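Take a look at the structure below.
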Amino acid sequence: ASDADAAAARRKAMSTIEEAARTETGLDCQMVTLFHGGQYHLYCYKTYTDIRLVFAPEAQIAFFGGDTDNFEYPRYCLDMCFFRIYEDNAPLKPENHLRWSADGADENELIFVFGHPGRTRRLYTVDHLEFLRDTVQPMQLRSLYRREVQLAAFGRRSKEFARISNEDLSGVQNNRKRDEGLLAGMQNPALVAKKTAAEQQLRSAVDANPEYKDKWGNAWSRIAEAEKKYGQMYTDHWLLGANRFLAGSALGALSRDLVRLGDELPKPSADRLREYRDSNLESLYLDLYSPAPIYENLEIEKLSSGLSLMASLLGGDDQRVVKALAGKSPQARAEELVAGTKLKDVAFRKQLAEAAAAGNGGAAIKAANDPLLSYFASLDADSRAARKAYEDQVESVERDAYAKIAAAKFAIQGADQYPDATFTLRLSYGTAKSYQQDGAIIPPFTTFNGLFERHTERFGGGTEDPFALPQRWLDRKEKLDLSTPYNMVTTADIIGGNSGSPVVDKRGEVVGLIFDSNVQALIGDMMYSPEAGRSVAVDSRGIIEALRKVYAADALAKEITGR
């Protein structure tokens, strides 16, 4: 079978296994690819959808220092929230739970981090990493720089515009700074040399064994060929196949899902695009029916940005661009789409989704005569074609080749290899530990005293200043024990997706909550570096001190700690 046929059969088998497990267990079951194709594991989850906010601090203190201090240390952020899970309209009473530490962690004490890190690429071949370095990361960074400028300009138009775009701007700034650090690490010749030496050692061992060479010897060259092929289609896949032309628009995402539900639901579940299979529909419908506010001015800005990006990357004469713009400028076209759509109405969205479930989705979409639905429908064939080309010619080859590399590693280096992160549960471990930066020793803990000193040193005035403190913190400073540990760093190996992960000591007690890493850890996507790379957490002692003495939330503090 061809790579594309094998990939299609693999996706269908994964869906069949998921559906059978979901029917048998009643759980949310997902097939997860480990080692980029070397293993396949079935994960089953109990899903809760009634989650209620209990406590959240002001953004000023949760993100104290703003983009300036993001991915830096020392840090002084109360970046945490507490939620309560409800089941059958009553608070969940779990059989097991983590206890809260009264004493926190000491320097060099063993700690563990439980979480769902999103993605690492440490098992990638050198050719694959070089493609990321030279093609993927530069493209992503150019897009992030562009969006940061656009969103900042949008927010300066009014206080309301600043408010509704702040979350998007913060996310873009965070991703831009992360990708800058990652690219800087990838451009370090020492990193490439280290990865090359490790790869060559494995390849030499494979080549030295005739059986191994016959089974696995071509894996590296196949990946190199796949990345070369990907380079020829990367812009189309990145822009259209991954739907980045929608530029994060909530209305755009709704139009995509409703159009594709109409096309996908009449098919057997195993034959659909993965995100529209039966195992994924519950979460999809939660998004479709969400009453979350949609801000028309921000939606116009996003869709206009997406159209402008499409025209910039593909060229104004490209037939897909001509079709998308429909003879108008990006701004005018976006205004037309947002003004004319009925997708802001949850009831309308539900009506279309129910028609899709009944097998009449395509007809309902046409009958709706909605400009935004028609807009996505006109580009869906191009989007699907770009996605299919990537899946058939790149992803399928990578899966097969990485499965061979994983088998070689197991055979030669032993079965105790760990896979790249996949958003599934992972245990990491380390210690609260200082590190050296610019010739100075950076201690593992900060304190409330450091917070107020940082505020005094850096605050320039006004509530929008990233070093502003909420007034209640200034008013209640005298109540605080300023020597209380506030933030801390550990050597635990984390990556994006670990935010909110508990830091637990050997007694199984929570001593902190992960919220960031330092800049030296940004290369962790490619390799773990314990010398200066650190995870950053809010200290459990600082959380309780703030709850009791700043927020007067004694009842919540007592419930959390049992004291």
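Ordered as shown in the structure tokens, chains take letters A, B, and onward, while each chain numbers its residues from 1 and ligands are numbered from 1 in the order shown.
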
task = Write out as a ChimeraX atom specification which residues come within 10 Å of Gly362 in chain A when counting only C-alpha atoms, dropping same-chain ones fewer than 6 positions away.
result = /A:258-264,352,355-356,377

Output file for the residues above (N, CA, C and O atoms, as a compact mmCIF listing (two decimals), in the first residue's frame):
```txt
# COMPACT_ATOMS: atom_id res chain seq x y z
N LEU A 258 -19.54 24.43 11.17
CA LEU A 258 -20.90 24.17 10.70
C LEU A 258 -20.90 23.70 9.25
O LEU A 258 -21.64 22.78 8.90
N VAL A 259 -20.07 24.30 8.41
CA VAL A 259 -19.97 23.84 7.02
C VAL A 259 -19.47 22.40 6.98
O VAL A 259 -20.02 21.55 6.26
N ARG A 260 -18.46 22.11 7.77
CA ARG A 260 -17.88 20.76 7.71
C ARG A 260 -18.76 19.73 8.40
O ARG A 260 -18.76 18.56 7.99
N LEU A 261 -19.50 20.12 9.42
CA LEU A 261 -20.45 19.17 10.00
C LEU A 261 -21.44 18.70 8.94
O LEU A 261 -21.79 17.52 8.88
N GLY A 262 -21.92 19.64 8.13
CA GLY A 262 -22.86 19.27 7.08
C GLY A 262 -22.27 18.28 6.09
O GLY A 262 -22.98 17.39 5.59
N ASP A 263 -20.97 18.39 5.84
CA ASP A 263 -20.32 17.47 4.90
C ASP A 263 -19.90 16.16 5.56
O ASP A 263 -19.91 15.11 4.92
N GLU A 264 -19.51 16.22 6.83
CA GLU A 264 -18.89 15.07 7.47
C GLU A 264 -19.87 14.13 8.16
O GLU A 264 -19.69 12.91 8.16
N LEU A 352 -28.55 24.85 12.64
CA LEU A 352 -27.72 24.31 11.56
C LEU A 352 -27.04 23.01 11.97
O LEU A 352 -26.94 22.07 11.16
N ALA A 355 -29.53 20.24 11.84
CA ALA A 355 -29.79 19.86 10.44
C ALA A 355 -28.67 18.97 9.93
O ALA A 355 -28.91 17.99 9.21
N ALA A 356 -27.42 19.28 10.31
CA ALA A 356 -26.30 18.44 9.91
C ALA A 356 -26.42 17.04 10.49
O ALA A 356 -26.17 16.04 9.81
N ALA A 377 -17.38 28.09 2.90
CA ALA A 377 -17.72 27.01 1.97
C ALA A 377 -16.98 27.18 0.63
O ALA A 377 -16.54 26.20 0.02
```

Mind running range 257-369 of chain A against range 146-150 of chain A at 12 Å and telling me each contacting residue's nearest atom pair with the distance in Å (one decimal), counting only C-alpha atoms, chain and number ascending, as CSV?
```
residue,atom,partner,partner_atom,distance
A:Leu298,CA,A:Gln150,CA,11.1
A:Glu301,CA,A:Gln150,CA,8.4
A:Lys302,CA,A:Arg147,CA,9.2
A:Leu303,CA,A:Arg147,CA,11.9
A:Ser304,CA,A:Gln150,CA,10.5
A:Ser305,CA,A:Arg147,CA,7.9
A:Gly306,CA,A:Arg147,CA,9.8
A:Ser308,CA,A:Arg146,CA,10.9
A:Leu309,CA,A:Arg146,CA,9.2
A:Ser312,CA,A:Arg146,CA,11.7
```

message = Env of Val511 in chain A: 6 Å cut, atoms = only C-alpha atoms, seq-sep filter 4 positions within chain, self excluded. Answer as a VMD selection string.
response = chain A and resid 101 104 to 105 503 to 504 540

task = Excluding range 389-394 of chain A and any residue of its chain fewer than 3 positions from it, enumerate the residues within 6 Å of it, using only C-alpha atoms, and give them as a PyMOL selection string.
result = chain A and resi 4+226+386+397

Please save all heavy atoms of the selected residues as a CSV table (one decimal), in the first residue's frame.
```
chain,number,residue,atom,x,y,z
A,4,ALA,N,0.0,7.1,1.6
A,4,ALA,CA,-1.3,7.7,1.8
A,4,ALA,C,-2.4,6.7,2.2
A,4,ALA,O,-3.2,6.9,3.1
A,4,ALA,CB,-1.7,8.5,0.6
A,226,ALA,N,10.6,13.9,2.9
A,226,ALA,CA,9.3,14.4,3.2
A,226,ALA,C,9.3,15.9,3.6
A,226,ALA,O,8.4,16.6,3.2
A,226,ALA,CB,8.7,13.6,4.4
A,386,ALA,N,-5.2,21.2,0.6
A,386,ALA,CA,-3.9,21.5,1.2
A,386,ALA,C,-3.7,20.6,2.4
A,386,ALA,O,-2.6,20.1,2.6
A,386,ALA,CB,-3.9,23.0,1.7
A,397,VAL,N,4.4,9.8,5.6
A,397,VAL,CA,5.8,9.3,5.5
A,397,VAL,C,6.5,9.5,6.9
A,397,VAL,O,7.3,8.6,7.3
A,397,VAL,CB,6.6,10.2,4.4
A,397,VAL,CG1,8.0,9.8,4.4
A,397,VAL,CG2,5.9,10.0,3.1
```

request  = List every residue of range 41-216 of chain A that DSSP, applied to the backbone of this structure, places in strand (DSSP E), and write the result as a PyMOL selection string.
outcome  = chain A and resi 41-45+50-55+82-87+90-91+99-100+110-115

Output of the above residues as a PDB file, in the first residue's frame, restricted to N, CA and C atoms:
```
ATOM      1  N   HIS A  41      -1.313   4.369  21.836  1.00  0.00           N
ATOM      2  CA  HIS A  41      -1.929   4.058  23.119  1.00  0.00           C
ATOM      3  C   HIS A  41      -3.344   4.618  23.159  1.00  0.00           C
ATOM      4  N   LEU A  42      -4.224   3.896  23.852  1.00  0.00           N
ATOM      5  CA  LEU A  42      -5.598   4.345  24.040  1.00  0.00           C
ATOM      6  C   LEU A  42      -5.717   4.995  25.413  1.00  0.00           C
ATOM      7  N   TYR A  43      -6.123   6.262  25.434  1.00  0.00           N
ATOM      8  CA  TYR A  43      -6.349   6.995  26.674  1.00  0.00           C
ATOM      9  C   TYR A  43      -7.854   7.209  26.847  1.00  0.00           C
ATOM     10  N   CYS A  44      -8.353   6.931  28.045  1.00  0.00           N
ATOM     11  CA  CYS A  44      -9.783   7.106  28.325  1.00  0.00           C
ATOM     12  C   CYS A  44      -9.950   8.080  29.487  1.00  0.00           C
ATOM     13  N   TYR A  45     -10.824   9.062  29.301  1.00  0.00           N
ATOM     14  CA  TYR A  45     -10.999  10.139  30.272  1.00  0.00           C
ATOM     15  C   TYR A  45     -12.449  10.249  30.721  1.00  0.00           C
ATOM     16  N   ASP A  50     -19.255  20.928  33.809  1.00  0.00           N
ATOM     17  CA  ASP A  50     -19.790  21.970  34.698  1.00  0.00           C
ATOM     18  C   ASP A  50     -18.658  22.415  35.622  1.00  0.00           C
ATOM     19  N   ILE A  51     -17.902  23.403  35.180  1.00  0.00           N
ATOM     20  CA  ILE A  51     -16.739  23.886  35.921  1.00  0.00           C
ATOM     21  C   ILE A  51     -17.007  25.338  36.310  1.00  0.00           C
ATOM     22  N   ARG A  52     -16.917  25.642  37.601  1.00  0.00           N
ATOM     23  CA  ARG A  52     -17.283  26.972  38.075  1.00  0.00           C
ATOM     24  C   ARG A  52     -16.096  27.653  38.757  1.00  0.00           C
ATOM     25  N   LEU A  53     -15.944  28.913  38.424  1.00  0.00           N
ATOM     26  CA  LEU A  53     -14.850  29.687  38.986  1.00  0.00           C
ATOM     27  C   LEU A  53     -15.109  29.984  40.462  1.00  0.00           C
ATOM     28  N   VAL A  54     -14.096  29.726  41.286  1.00  0.00           N
ATOM     29  CA  VAL A  54     -14.180  30.005  42.721  1.00  0.00           C
ATOM     30  C   VAL A  54     -13.397  31.270  43.065  1.00  0.00           C
ATOM     31  N   PHE A  55     -12.186  31.382  42.530  1.00  0.00           N
ATOM     32  CA  PHE A  55     -11.362  32.540  42.861  1.00  0.00           C
ATOM     33  C   PHE A  55     -10.404  32.839  41.715  1.00  0.00           C
ATOM     34  N   PHE A  82      -8.709  29.130  41.150  1.00  0.00           N
ATOM     35  CA  PHE A  82      -9.329  27.924  41.695  1.00  0.00           C
ATOM     36  C   PHE A  82     -10.713  27.760  41.078  1.00  0.00           C
ATOM     37  N   PHE A  83     -10.989  26.519  40.679  1.00  0.00           N
ATOM     38  CA  PHE A  83     -12.284  26.159  40.115  1.00  0.00           C
ATOM     39  C   PHE A  83     -12.879  25.014  40.927  1.00  0.00           C
ATOM     40  N   ARG A  84     -14.179  24.852  40.788  1.00  0.00           N
ATOM     41  CA  ARG A  84     -14.833  23.704  41.414  1.00  0.00           C
ATOM     42  C   ARG A  84     -15.579  22.924  40.337  1.00  0.00           C
ATOM     43  N   ILE A  85     -15.408  21.612  40.359  1.00  0.00           N
ATOM     44  CA  ILE A  85     -16.107  20.737  39.425  1.00  0.00           C
ATOM     45  C   ILE A  85     -17.457  20.341  40.019  1.00  0.00           C
ATOM     46  N   TYR A  86     -18.495  20.457  39.199  1.00  0.00           N
ATOM     47  CA  TYR A  86     -19.840  20.034  39.617  1.00  0.00           C
ATOM     48  C   TYR A  86     -20.281  18.845  38.771  1.00  0.00           C
ATOM     49  N   GLU A  87     -20.976  17.948  39.420  1.00  0.00           N
ATOM     50  CA  GLU A  87     -21.582  16.806  38.731  1.00  0.00           C
ATOM     51  C   GLU A  87     -22.997  16.658  39.251  1.00  0.00           C
ATOM     52  N   ALA A  90     -24.043  19.310  41.766  1.00  0.00           N
ATOM     53  CA  ALA A  90     -23.495  19.272  43.129  1.00  0.00           C
ATOM     54  C   ALA A  90     -21.976  19.210  43.033  1.00  0.00           C
ATOM     55  N   PRO A  91     -21.283  19.809  43.999  1.00  0.00           N
ATOM     56  CA  PRO A  91     -19.818  19.758  43.954  1.00  0.00           C
ATOM     57  C   PRO A  91     -19.317  18.321  43.944  1.00  0.00           C
ATOM     58  N   ARG A  99      -3.223  16.639  48.867  1.00  0.00           N
ATOM     59  CA  ARG A  99      -3.259  17.511  50.041  1.00  0.00           C
ATOM     60  C   ARG A  99      -2.407  18.749  49.787  1.00  0.00           C
ATOM     61  N   TRP A 100      -2.620  19.777  50.595  1.00  0.00           N
ATOM     62  CA  TRP A 100      -1.902  21.041  50.457  1.00  0.00           C
ATOM     63  C   TRP A 100      -0.797  21.108  51.506  1.00  0.00           C
ATOM     64  N   LEU A 110      13.399  17.135  46.588  1.00  0.00           N
ATOM     65  CA  LEU A 110      12.784  16.433  45.469  1.00  0.00           C
ATOM     66  C   LEU A 110      11.330  16.854  45.314  1.00  0.00           C
ATOM     67  N   ILE A 111      10.956  17.191  44.078  1.00  0.00           N
ATOM     68  CA  ILE A 111       9.557  17.539  43.772  1.00  0.00           C
ATOM     69  C   ILE A 111       9.145  16.823  42.488  1.00  0.00           C
ATOM     70  N   PHE A 112       7.830  16.740  42.287  1.00  0.00           N
ATOM     71  CA  PHE A 112       7.262  16.128  41.089  1.00  0.00           C
ATOM     72  C   PHE A 112       6.253  17.088  40.479  1.00  0.00           C
ATOM     73  N   VAL A 113       6.104  17.030  39.167  1.00  0.00           N
ATOM     74  CA  VAL A 113       5.108  17.828  38.453  1.00  0.00           C
ATOM     75  C   VAL A 113       4.232  16.886  37.638  1.00  0.00           C
ATOM     76  N   PHE A 114       2.918  16.976  37.875  1.00  0.00           N
ATOM     77  CA  PHE A 114       1.954  16.184  37.112  1.00  0.00           C
ATOM     78  C   PHE A 114       1.232  17.123  36.153  1.00  0.00           C
ATOM     79  N   GLY A 115       1.218  16.799  34.878  1.00  0.00           N
ATOM     80  CA  GLY A 115       0.529  17.681  33.953  1.00  0.00           C
ATOM     81  C   GLY A 115       0.385  17.068  32.583  1.00  0.00           C
TER      82      GLY A 115
END
```

task = Name the residues of range 436-556 of chain A that fall into helix (DSSP H, G or I) according to DSSP on the backbone, using the chain letters and numbers of this document, as a PyMOL selection string.
result = chain A and resi 448-458+471-475+477-479+519-525+540-549+554-556

Which residues come within 10 Å of Leu144 in chain A, counting only C-alpha atoms, excluding same-chain residues fewer than 2 positions away, as a compact mmCIF listing (two decimals) with N, CA and C atoms, in the first residue's frame?
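Saved result, part-v4.txt, follows:
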```txt
# COMPACT_ATOMS: atom_id res chain seq x y z
N PRO A 138 10.67 30.69 11.14
CA PRO A 138 10.65 32.04 10.57
C PRO A 138 9.27 32.47 10.09
N MET A 139 8.53 31.55 9.45
CA MET A 139 7.18 31.89 9.00
C MET A 139 6.28 32.21 10.18
N GLN A 140 6.33 31.39 11.21
CA GLN A 140 5.48 31.62 12.37
C GLN A 140 5.83 32.92 13.07
N LEU A 141 7.12 33.22 13.17
CA LEU A 141 7.53 34.46 13.82
C LEU A 141 7.10 35.67 13.01
N ARG A 142 7.23 35.64 11.71
CA ARG A 142 6.76 36.77 10.89
C ARG A 142 5.28 37.01 11.11
N ARG A 146 3.58 40.36 13.00
CA ARG A 146 2.53 41.08 12.28
C ARG A 146 1.28 41.21 13.14
N ARG A 147 0.85 40.10 13.75
CA ARG A 147 -0.36 40.14 14.57
C ARG A 147 -0.18 40.99 15.82
N GLU A 148 1.01 40.96 16.38
CA GLU A 148 1.25 41.77 17.58
C GLU A 148 1.08 43.26 17.27
N VAL A 149 1.64 43.71 16.16
CA VAL A 149 1.50 45.11 15.76
C VAL A 149 0.04 45.44 15.48
N GLN A 150 -0.66 44.55 14.77
CA GLN A 150 -2.05 44.81 14.42
C GLN A 150 -2.94 44.88 15.66
N LEU A 169 -3.85 39.70 22.37
CA LEU A 169 -2.53 40.33 22.33
C LEU A 169 -1.57 39.64 23.27
N GLY A 171 -1.66 36.58 24.27
CA GLY A 171 -1.32 35.27 23.71
C GLY A 171 -0.30 35.37 22.59
N VAL A 172 -0.46 36.36 21.73
CA VAL A 172 0.48 36.56 20.63
C VAL A 172 1.86 36.93 21.17
N GLN A 173 1.90 37.83 22.15
CA GLN A 173 3.18 38.23 22.74
C GLN A 173 3.87 37.04 23.39
N ASN A 174 3.10 36.22 24.08
CA ASN A 174 3.66 35.03 24.72
C ASN A 174 4.26 34.08 23.68
N ASN A 175 3.50 33.82 22.61
CA ASN A 175 3.98 32.90 21.58
C ASN A 175 5.17 33.48 20.83
N ARG A 176 5.16 34.79 20.60
CA ARG A 176 6.28 35.41 19.92
C ARG A 176 7.56 35.30 20.73
N LYS A 177 7.46 35.56 22.02
CA LYS A 177 8.66 35.48 22.85
C LYS A 177 9.14 34.03 22.98
N ASP A 179 8.70 31.62 20.71
CA ASP A 179 9.28 31.19 19.44
C ASP A 179 10.62 31.87 19.16
```

request  = State, in Å with one decimal place, the distance from CA of Phe63 in chain A to CA of Phe154 in chain A.
outcome  =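 CA of Phe63 in chain A sits 21.2 Å away from CA of Phe154 in chain A.
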
query = Nearest to Thr120 in chain A: which of A:Gly542, A:Pro210, A:Pro419, A:Pro502 is it, counting only C-alpha atoms?
reply = A:Pro419

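One distance worth recording is that between CA of Glu130 in chain A and CA of Val192 in chain A, which is 8.5 Å.
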